[in-house]
Amino acid sequence: MCLAVPGRVLSTAEVDGALMAQVDFGGVRKEVCLQYIPDAEIGEYVVVHVGFAIQRLDEESAWRTLANFEKLGLLEEEFGDGFELAARQRESVEGTGL
């Protein structure tokens, strides 16, 4: 299954004529094409499907979606074990009020 997963843009660069970004999916980082959203900015959340950012999303909706996907076990299928660790780290940070 291929999900459309929200992530936060960490950096952007042109690679071989295509606008690309490093996107953080709750601790798992992937290279993503920004051709459909060329004005996406660092720090913004985007929804990514098959390696392409297809729309913007606010931070609260992004984290809620990631949490629901993780509860359903869908993120392990997409990202492997890396997301589980990131989700636990996020929960511990939220619990401290940071």
# chains A, B, ... in the order shown; residues from 1 in each chain; ligands from 1
>>> select_by_dssp(residues="segment 21-84 of chain A", states="alpha helix (DSSP H)", output="VMD selection string")
chain A and resid 59 to 71 74 to 79 82 to 84
>>> residues_around(residues="segment 35-51 of chain A", least_positions_apart="2", cutoff="8 Å", atoms="only C-alpha atoms", output="list in words")
Cys2, Leu3, Ala4, Val5, Pro6, Gly7, Arg8, Val9, Leu10, Ser11, Thr12, Ala18, Leu19, Met20, Glu31, Val32, Cys33, Ala53, Ile54, Gln55, Arg56, Leu57, Asp58, Glu59 and Ala62 of chain A
>>> atom_distance(atom1="atom CA of Arg64 of chain A", atom2="atom CA of Lys30 of chain A")
19.8 Å
>>> atom_distance(atom1="atom CA of Asn68 of chain A", atom2="atom CA of Phe52 of chain A")
21.3 Å
>>> atom_distance(atom1="atom CA of Glu70 of chain A", atom2="atom CA of Gln22 of chain A")
21.1 Å
>>> select_by_dssp(residues="segment 21-64 of chain A", states="strand (DSSP E or B)", output="PyMOL selection string")
chain A and resi 21-25+28-33+45-49+52-57
